[in-house]
Amino acid sequence: MTTVASFEIDYLQYLAPDGKPLHKTMPRFAKDSKNLVELYKQMLLVRTFDSKSVALQRTGKLGTYASCLGHEAAHIGIGSAMRPEDVFAPSYREYGAQFMRGVQPREVLMYWGGDERGSDFAVPRQDFAWCVPIGTQCLHAAGAALAFKLRGEKRVAVACVGDGGSSKADTYAAINSAGAYNLPFVLCIINNQWAISVPRSAQTGAKTLAQKGIAGGLFCIQVDGNDIIAVRAAMDEALARARAGNGGSVIELVTYRLGDHTTADDARRYRGEAEVKAAWEREPLIRLRAWLVGQKVWDDEREAEWKIECGKRIDTEVDAYLASRTQPLESMFDYLYAELPHDVAAQRAQALAWEARKP
Amino acid sequence: MTTVASFEIDYLQYLAPDGKPLHKTMPRFAKDSKNLVELYKQMLLVRTFDSKSVALQRTGKLGTYASCLGHEAAHIGIGSAMRPEDVFAPSYREYGAQFMRGVQPREVLMYWGGDERGSDFAVPRQDFAWCVPIGTQCLHAAGAALAFKLRGEKRVAVACVGDGGSSKADTYAAINSAGAYNLPFVLCIINNQWAISVPRSAQTGAKTLAQKGIAGGLFCIQVDGNDIIAVRAAMDEALARARAGNGGSVIELVTYRLGDHTTADDARRYRGEAEVKAAWEREPLIRLRAWLVGQKVWDDEREAEWKIECGKRIDTEVDAYLASRTQPLESMFDYLYAELPHDVAAQRAQALAWEARKP
Amino acid sequence: MSKQATPITLIEAITQALAWEMANDKNVLILGEDVGVNGGVFRATAGLQQRFGDQRVLDTPLDETTIAGLSVGLAAQGMKPIAEVQFDGFVYPMLDHIICHAARLRTRTRGRLSCPMVLRVPWGGGIRAPEHHSEANESLFTNVPGLRVVLPSSPARAYGLLLAAIRDPDPVIFMEPKRIYRQYKELVPDDGEALPLDVCFVLRDGSDVTLVTWGAHVKETLEAADALAADGISAEVIDVATLKPLDFDTIHESVQKTGRCVIVHEAARTAGFGAEIAAQLAEKSMYDLLAPVERVTGYDVPIPLFRLEMKYLPSVEKIVAAVKRTLAAG
Amino acid sequence: MSKQATPITLIEAITQALAWEMANDKNVLILGEDVGVNGGVFRATAGLQQRFGDQRVLDTPLDETTIAGLSVGLAAQGMKPIAEVQFDGFVYPMLDHIICHAARLRTRTRGRLSCPMVLRVPWGGGIRAPEHHSEANESLFTNVPGLRVVLPSSPARAYGLLLAAIRDPDPVIFMEPKRIYRQYKELVPDDGEALPLDVCFVLRDGSDVTLVTWGAHVKETLEAADALAADGISAEVIDVATLKPLDFDTIHESVQKTGRCVIVHEAARTAGFGAEIAAQLAEKSMYDLLAPVERVTGYDVPIPLFRLEMKYLPSVEKIVAAVKRTLAAG
Ligand SMILES: Cc1ncc(C[n+]2csc(CCOP(=O)(O)OP(=O)(O)O)c2C)c(N)n1
Ligand SMILES: Cc1ncc(C[n+]2csc(CCOP(=O)(O)OP(=O)(O)O)c2C)c(N)n1
Ligand SMILES: [Mg+2]
Ligand SMILES: [Mg+2]
């Protein structure tokens with residue numbers, strides 16, 4: 001027997017859960033602590049947003065909402081590494097990545113508030129909307145990447161999918177076509193250990209989720225998804241490689257879903273408290289904060305100030321959302337086609353007439 | 001960076017294209033040359049069948065037909081390794097494997113002759129029928145394997161899929177679920193280099209097709225699919241492992257489609273003659289014959305005798321096929337449901353009345 | 001056989017039917033996403049894994065193609081898989097296996113193999129859910145030979161029809177009106193009695209107009225009948241319950257009596273299943289009809305996100321107005 | 001602009017339309033299995049990769065989910081992908097992306113993104129092909145808001161409608177009657193003139209009965225009209241051509257004149273698209289109808305393998321018989 005192919009999955013981590021560095025050197029962007037402070041601030045902002053959103057749902061002012069608690073390093077790391085001209089294809093909870101790209105918190109709230117206008121991002125205009133059918137966004141990103149390649153544009157398409165979503169046929173299809181066409185494509189598998197009630201171990205017999213990429217000949221790496229320095233480093237490298245035309249990547253970001261799956265879920269039904277408690281010790285803000293404090297670029301005072309600022313910013317967004325009026329009835333017709341076919345146009349007229357009827 | 005997982009794809013081959021052995025020892029079953037003679041005879045039989053079928057199509061006595069020319073070692077190797085109680089899920093051209101399991105040539109002809117009765121195998125009753133929607137059979141085999149596991153039966157489900165089919169989402173789904181449930185499942189990826197006009201290189205960026213299995217945590221190996229000893233050895237091992245409850249496998253069998261995709265195809269449109277000519281030098285019968293002749297267990301005389309026997313056997317089958325009558329009209333209704341619902345029953349009556357009408 | 005003493009909801013009736021049949025047929029097994037410990041996102045399988053074990057109630061990897069394809073393989077092996085898809089909007093990746101294989105295994109092999117599976121699909125809108133969680137897509141299945149398509153509208157019918165679906169030796173698409181999963185309770189004896197899979201149920205007798213509907217809108221249709229009664233109009237209400245095969249005779253007989261028919265469904269209008277009923281009326285009941293057929297349906301747009309979804313769905317008022325048009329026309 | 005001097009077949013008209021639009025709109029690209037060097041299994045894309053290069057005509061890996069999903073992504077980026085699926089029976093894995101995304105991208109994002117793609121689907125039976133190569137499954141798409149569904153029946157209409165489909169800013173399902181791909185030739189000027197995507201075509205005027213059909217059965221329907229004419233019966237023949245949106249006005253006007261309607265399609269009868277036409281007749285043309293509507297369709301069984309398939313498909317004789325029943329009834 002001869003060996004015709006061999007593969008290794010590496011694991012990347014820079015900061016230990018307590019904030020201690022694990023390597024002698026930091027990646028370039030992390031050497032300037034201003035960069036890290038900025039990332040930390042964004043992580044706090046999205047956490048503020050998240051807890052406010054859950055509260056809104058609990059008080060009946062928002063529909064079902066998917067929390068991003070615990071995913072801040074993964075999401076902010078991904079979004080901050082991308083360029084404006086890149087395209088992002090989220091699943092549904094990567095608000096951190098989206099905020100870094102210009103999506104407004106009020107848009108997120110509109111979406112979960114049952115209003116399509118939430119997906120009409122003022123910025124970034126070409127990013128995909130939230131994608132409910134798990135995994136399908138991966139192929140849309142691959143399609144966008146194919147457009148970039150065919151047009152000779154130096155842009156990259158990035159998709160996020162979960163550990164659950166890594167089982168989805170579409171995810172494989174995206175990986176395979178990215179490899180077949182050598183596309184500027186980065187797939188971030190956000191392994192938060194749970195797909196609603198199904199644990200990571202039940203999704204697949206694969207030892208890592210990063211190795212899903214081997215099936216398509218992509219670069220594969222596993223990173224500590226709670227360590228934003230590792231996330232950024234892996235993303236920077238994958239994006240640069242893709243932009244240079246040197247191939248797509250699969251990055252597995254190992255993190256933990258600290259909250260329920262959504263506000264419609266009760267995770268106590270299927271997972272133990274000990275596990276969640278342990279996960280809190282590895283969560284992403286603690287370690288970066290410890291590092292920044294150690295570097296003397298962050299302290300309690302700055303944290304308190306920034307938290308107030310976060311509260312204000314999010315309150316403004318929430319107010320804007322709460323002030324929004326329901327779209328008019330005809331909105332359900334008006335965006336379906338560029339030009340409404342006669343049959344649907346007739347229904348639209350009927351619907352308006354019905355609305356206008358005298359009781 | 002630490003390495004958290006590593007994988008190797010090995011390549012297995014025993015006989016060189018000219019029949020020279022590549023290793024000092026042969027696998028157990030190959031040490032008894034009677035076994036090999038029997039396999040060789042089956043390879044000749046299926047090749048006889050194949051050329052006869054193509055001839056039938058050319059003379060208008062058969063519909064579109066998918067030739068198995070060049071795949072004899074792969075197919076016979078797979079089928080001969082299985083036990084009767086196992087279940088086989090073919091794609092559409094693995095007649096060699098099916099003959100080893102008891103399918104009759106006349107059944108194959110009925111199928112390509114446009115008659116559903118071809119799929120009502122007298123033996124083996126539980127094997128799946130030919131599967132046109134590429135790759136879907138992989139999941140059916142995984143489902144059967146799941147049934148075996150749940151019932152505690154020591155049976156294995158084996159599916160065949162092509163290099164083209166290795167891109168199909170269903171193939172990945174089967175691999176992943178086989179790993180997730182640790183199923184007694186063996187996936188044979190028959191890499192004959194072409195999916196109609198699309199070459200292997202365009203299907204995927206993966207270096208081997210065997211590595212598709214890594215995505216699901218299965219055992220993976222690449223074998224020379226023209227070397228029946230290698231095929232059998234790999235199958236024997238994979239089947240034993242599956243039967244023992246120790247996990248599923250992906251076996252890539254590297255071979256070559258010597259003929260057109262089907263009789264409806266003209267391969268000269270998309271591939272050069274040189275490639276085909278080179279492939280003929282690696283085809284599976286030459287090398288096994290050379291080995292057997294060298295072992296003094298086969299010679300021209302025996303070959304001539306057996307070819308006559310093959311011709312007779314196939315002629316009998318062809319005659320049986322040609323003598324078959326078209327099914328009655330009501331057959332299109334009678335097997336759709338265990339009990340025909342009233343609406344379809346009414347249509348059946350109508351259809352029969354229409355048939356019986358006086359012009 | 002335990003007897004049910006307290007009234008139960010539609011979703012509880014489904015759990016009860018599942019439990020009954022699992023206890024009585026060891027070949028029955030359940031598979032789907034989160035159906036195990038979690039008991040399903042709607043709790044339809046709550047307690048079943050605890051009771052029957054994880055070899056009878058299996059969580060699957062997150063892939064609907066997988067669920068459908070494994071079910072076909074299991075069924076071909078003589079198991080009776082009950083596959084759950086979490087929401088109607090996730091059923092599309094299953095169609096290949098349902099249409100190409102589940103519906104055809106028996107006829108393809110002239111009866112050698114068959115596919116006794118049930119696909120449970122929580123169906124329809126009106127629960128303020130996110131996108132793709134509110135689809136009324138029964139018409140995907142009604143043109144597919146080899147399938148049965150069932151859509152119950154009460155706890156008792158859910159129980160009896162689900163038992164029948166599981167026992168049926170062929171594939172059954174069992175759609176469940178999630179809007180009324182917990183709407184009301186009724187006594188549903190846990191007696192293992194199945195209901196027939198090929199009849200419509202006449203829920204209310206009437207003489208002036210026939211209202212034909214299925215699923216969650218049985219509720220609004222019955223309310224419309226009440227409202228009409230207050231105006232002296234007598235409406236017969238038919239719950240189709242099994243769309244395929246359609247028991248058109250029951251509808252026909254009713255229309256022979258009433259001369260008028262209004263079909264109500266929440267799916268988009270064009271080529272929704274209401275069209276088939278109207279078509280059969282045009283073929284077989286033309287001489288009985290005193291007025292044109294009316295369809296009260298969802299518009300030909302995707303059901304909007306929840307701020308607007310109630311404006312999309314048929315309402316009691318819209319049904320009443322359609323009936324009055326019908327009466328004015330005839 | 002080159003002028004076509006010699007008559008061409010339907011499949012050649014498709015190639016001609018593809019070539020025209022690729023030459024005139026650099027955003028148009030073709031993707032599918034074997035569409036490149038091989039020119040497609042039906043030769044629809046023959047020569048196009050040679051002419052426009054492999055960046056405009058792309059072979060894909062063998063996965064229909066991939067083709068559909070990539071197309072959505074390409075279209076969202078402003079490309080105009082024309083996706084080919086090899087046969088109707090392989091379209092099912094595409095439905096998720098077509099229904100959940102292609103049809104909804106625009107409305108989901110309030111117009112920010114859109115999906116100007118065409119899905120070409122060789123459609124229907126009668127070519128003695130293997131299983132899954134002969135399906136008439138247009139009803140999968142007709143209940144899906146956001147789509148257009150087109151099914152031409154002549155070289156000229158194939159050319160004009162395909163150009164319109166490619167230019168349309170929204171997703172179009174373009175089904176091609178493969179049985180008549182090469183049935184006859186006609187002159188199709190290569191002038192880039194599109195046909196409207198929302199009208200039915202009256203192919204033959206008549207006064208006694210309206211025959212409504214689409215796809216390959218336009219041929220048998222016209223032949224039936226000839227046969228009827230020999231018996232002194234004057235049949236109007238309408239090629240629906242675009243199923244969604246349906247131009248019911250043209251059908252209605254015809255039925256106002258003839259008072260009778262026979263719908264012909266090869267898909268299974270129950271909940272086939274003929275049902276929608278019959279339903280609209282029951283709603284809007286009731287007072288014009290002198291006799292019940294008739295449907296001449298495939299049976300509610302999968303189209304059999306080819307030894308029996310012609311017994312499944314509607315025939316000239318069956319159409320004639322239905323017309324005569326209709327005339328006897330009225
Ligand atoms: C195709 C499809 N099937 C099922 C669902 C229901 N569902 C929503 S989220 C979810 C679990 C997703 O888990 P994972 O991919 O790990 O992402 P996470 O929620 O952990 O971020 C499921 C099953 C869906 N949205 N789409
Ligand atoms: C889902 C699906 N798509 C397309 C086809 C048409 N088709 C039949 S065989 C084939 C190529 C298959 O290639 P491969 O998997 O390598 O198997 P091989 O024919 O080489 O044995 C294609 C595209 C099909 N049968 N099913
Ligand atoms: Mg997860
Ligand atoms: Mg091949």
# chains A, B, ... in the order shown; residues from 1 in each chain; ligands from 1
>>> closest_atom_pairs(of="chain B", to="ligand 4", cutoff="10 Å", atoms="only C-alpha atoms and all ligand atoms", output="CSV")
residue,atom,partner,partner_atom_place_in_ligand_line,distance
B:Val161,CA,ligand 4,1 (Mg),8.3
B:Gly162,CA,ligand 4,1 (Mg),4.6
B:Asp163,CA,ligand 4,1 (Mg),4.6
B:Gly164,CA,ligand 4,1 (Mg),5.3
B:Gly165,CA,ligand 4,1 (Mg),7.5
B:Ser166,CA,ligand 4,1 (Mg),9.1
B:Ile189,CA,ligand 4,1 (Mg),9.0
B:Ile190,CA,ligand 4,1 (Mg),6.7
B:Asn191,CA,ligand 4,1 (Mg),5.5
B:Asn192,CA,ligand 4,1 (Mg),4.5
B:Gln193,CA,ligand 4,1 (Mg),5.4
B:Trp194,CA,ligand 4,1 (Mg),4.2
B:Ala195,CA,ligand 4,1 (Mg),4.2
B:Ile196,CA,ligand 4,1 (Mg),7.0
B:Ser197,CA,ligand 4,1 (Mg),9.3
B:Val198,CA,ligand 4,1 (Mg),8.5
B:Pro199,CA,ligand 4,1 (Mg),8.1
B:Arg200,CA,ligand 4,1 (Mg),7.5
B:Val254,CA,ligand 4,1 (Mg),9.9
B:Thr255,CA,ligand 4,1 (Mg),9.0
B:Tyr256,CA,ligand 4,1 (Mg),8.0
B:Arg257,CA,ligand 4,1 (Mg),7.0
B:His261,CA,ligand 4,1 (Mg),8.4
>>> interface_residues(of="chain A", to="chain B", cutoff="7 Å", atoms="only C-alpha atoms", output="ChimeraX atom specification")
/A:1-12,167,169-170,172-173,176-177,179-180,202-207,211-212,214-217
>>> write_last_selection(atoms="N, CA and C atoms", output="CSV table (one decimal), in the first residue's frame")
chain,number,residue,atom,x,y,z
A,1,MET,N,0.8,-1.2,0.0
A,1,MET,CA,0.0,0.0,0.0
A,1,MET,C,0.9,1.2,0.0
A,2,THR,N,0.5,2.2,-0.9
A,2,THR,CA,1.2,3.5,-0.8
A,2,THR,C,0.2,4.5,-0.4
A,3,THR,N,0.8,5.6,0.2
A,3,THR,CA,-0.1,6.7,0.6
A,3,THR,C,-0.2,7.7,-0.5
A,4,VAL,N,-1.4,8.0,-0.9
A,4,VAL,CA,-1.6,8.9,-2.1
A,4,VAL,C,-2.0,10.3,-1.7
A,5,ALA,N,-2.5,10.4,-0.5
A,5,ALA,CA,-2.9,11.8,0.0
A,5,ALA,C,-2.8,11.8,1.5
A,6,SER,N,-2.4,12.9,2.1
A,6,SER,CA,-2.5,13.0,3.5
A,6,SER,C,-2.9,14.4,3.9
A,7,PHE,N,-3.5,14.5,5.1
A,7,PHE,CA,-4.1,15.8,5.5
A,7,PHE,C,-3.9,16.0,7.0
A,8,GLU,N,-3.8,17.2,7.4
A,8,GLU,CA,-3.7,17.5,8.8
A,8,GLU,C,-4.7,18.6,9.1
A,9,ILE,N,-5.3,18.5,10.2
A,9,ILE,CA,-6.2,19.6,10.7
A,9,ILE,C,-5.5,20.3,11.9
A,10,ASP,N,-5.1,21.5,11.7
A,10,ASP,CA,-4.4,22.3,12.8
A,10,ASP,C,-5.4,23.1,13.6
A,11,TYR,N,-5.0,23.3,14.8
A,11,TYR,CA,-5.9,24.1,15.7
A,11,TYR,C,-5.2,25.4,16.1
A,12,LEU,N,-5.8,26.5,16.0
A,12,LEU,CA,-5.2,27.8,16.2
A,12,LEU,C,-5.8,28.5,17.4
A,167,SER,N,-23.9,19.4,8.6
A,167,SER,CA,-24.4,18.1,8.0
A,167,SER,C,-25.3,18.3,6.8
A,169,ALA,N,-26.7,19.0,3.2
A,169,ALA,CA,-26.1,18.6,1.9
A,169,ALA,C,-25.7,19.9,1.2
A,170,ASP,N,-26.3,21.0,1.4
A,170,ASP,CA,-25.9,22.2,0.7
A,170,ASP,C,-24.6,22.7,1.1
A,172,TYR,N,-22.0,20.8,1.9
A,172,TYR,CA,-21.1,20.0,1.1
A,172,TYR,C,-21.1,20.5,-0.3
A,173,ALA,N,-22.2,20.8,-0.9
A,173,ALA,CA,-22.3,21.2,-2.3
A,173,ALA,C,-21.5,22.5,-2.4
A,176,ASN,N,-17.8,21.6,-2.2
A,176,ASN,CA,-17.3,20.9,-3.4
A,176,ASN,C,-17.2,21.8,-4.6
A,177,SER,N,-18.2,22.7,-4.8
A,177,SER,CA,-18.1,23.6,-5.9
A,177,SER,C,-17.0,24.6,-5.8
A,179,GLY,N,-14.2,24.1,-4.4
A,179,GLY,CA,-13.0,23.4,-4.8
A,179,GLY,C,-12.9,23.2,-6.3
A,180,ALA,N,-14.0,22.8,-6.8
A,180,ALA,CA,-14.0,22.5,-8.3
A,180,ALA,C,-13.7,23.7,-9.1
A,202,ALA,N,-23.6,14.1,17.8
A,202,ALA,CA,-24.6,13.3,17.1
A,202,ALA,C,-24.7,13.7,15.6
A,203,GLN,N,-24.1,14.8,15.3
A,203,GLN,CA,-24.2,15.3,13.9
A,203,GLN,C,-23.4,14.5,12.9
A,204,THR,N,-22.3,14.0,13.3
A,204,THR,CA,-21.3,13.4,12.4
A,204,THR,C,-20.3,12.6,13.1
A,205,GLY,N,-19.7,11.6,12.4
A,205,GLY,CA,-18.6,10.8,12.9
A,205,GLY,C,-17.3,11.5,12.7
A,206,ALA,N,-17.3,12.6,12.0
A,206,ALA,CA,-16.0,13.3,11.8
A,206,ALA,C,-15.4,13.9,13.1
A,207,LYS,N,-14.1,13.7,13.2
A,207,LYS,CA,-13.5,14.2,14.4
A,207,LYS,C,-13.5,15.7,14.6
A,211,GLN,N,-12.6,19.3,8.9
A,211,GLN,CA,-12.2,18.3,7.9
A,211,GLN,C,-13.3,18.1,6.8
A,212,LYS,N,-14.5,18.7,7.0
A,212,LYS,CA,-15.5,18.7,6.0
A,212,LYS,C,-14.9,19.2,4.7
A,214,ILE,N,-12.0,18.8,3.5
A,214,ILE,CA,-11.1,17.9,2.8
A,214,ILE,C,-11.9,17.3,1.6
A,215,ALA,N,-13.2,17.1,1.8
A,215,ALA,CA,-14.0,16.4,0.8
A,215,ALA,C,-14.0,17.2,-0.5
A,216,GLY,N,-13.7,18.5,-0.4
A,216,GLY,CA,-13.8,19.4,-1.6
A,216,GLY,C,-12.4,19.9,-1.9
A,217,GLY,N,-11.4,19.5,-1.2
A,217,GLY,CA,-10.0,19.9,-1.5
A,217,GLY,C,-9.8,21.4,-1.0
>>> atom_distance(atom1="CA of Thr45 in chain C", atom2="CA of Ala13 in chain C")
10.9 Å
>>> closest_atom_pairs(of="chain C", to="chain D", cutoff="7 Å", atoms="only C-alpha atoms", output="tab-separated table")
residue	atom	partner	partner_atom	distance
C:Tyr92	CA	D:Asp96	CA	4.9
C:Pro93	CA	D:Asp96	CA	5.8
C:Leu95	CA	D:Tyr92	CA	6.0
C:Asp96	CA	D:Tyr92	CA	4.9
C:Leu140	CA	D:Leu140	CA	5.7
C:Thr142	CA	D:Ala271	CA	5.9
C:Asn143	CA	D:Ala271	CA	5.0
C:Pro145	CA	D:Val301	CA	4.9
C:Gly146	CA	D:Val301	CA	6.8
C:Ala268	CA	D:Asn143	CA	6.5
C:Thr270	CA	D:Asn143	CA	5.6
C:Ala271	CA	D:Asn143	CA	5.0
C:Gly272	CA	D:Asn143	CA	5.8
C:Phe273	CA	D:Ala271	CA	6.3
C:Ala275	CA	D:Glu276	CA	4.9
C:Glu276	CA	D:Ala275	CA	4.9
C:Ala278	CA	D:Ala279	CA	4.7
C:Ala279	CA	D:Ala279	CA	4.7
C:Ala282	CA	D:Ala282	CA	5.3
C:Glu283	CA	D:Pro292	CA	4.8
C:Lys284	CA	D:Pro292	CA	6.8
C:Met286	CA	D:Pro292	CA	5.8
C:Pro292	CA	D:Glu283	CA	4.8
C:Val293	CA	D:Glu283	CA	4.9
C:Glu294	CA	D:Glu283	CA	6.0
C:Asp300	CA	D:Pro145	CA	5.2
C:Val301	CA	D:Pro145	CA	4.9
C:Pro302	CA	D:Pro145	CA	6.0
>>> atom_distance(atom1="CA of Ala75 in chain D", atom2="CA of Thr136 in chain A")
14.8 Å
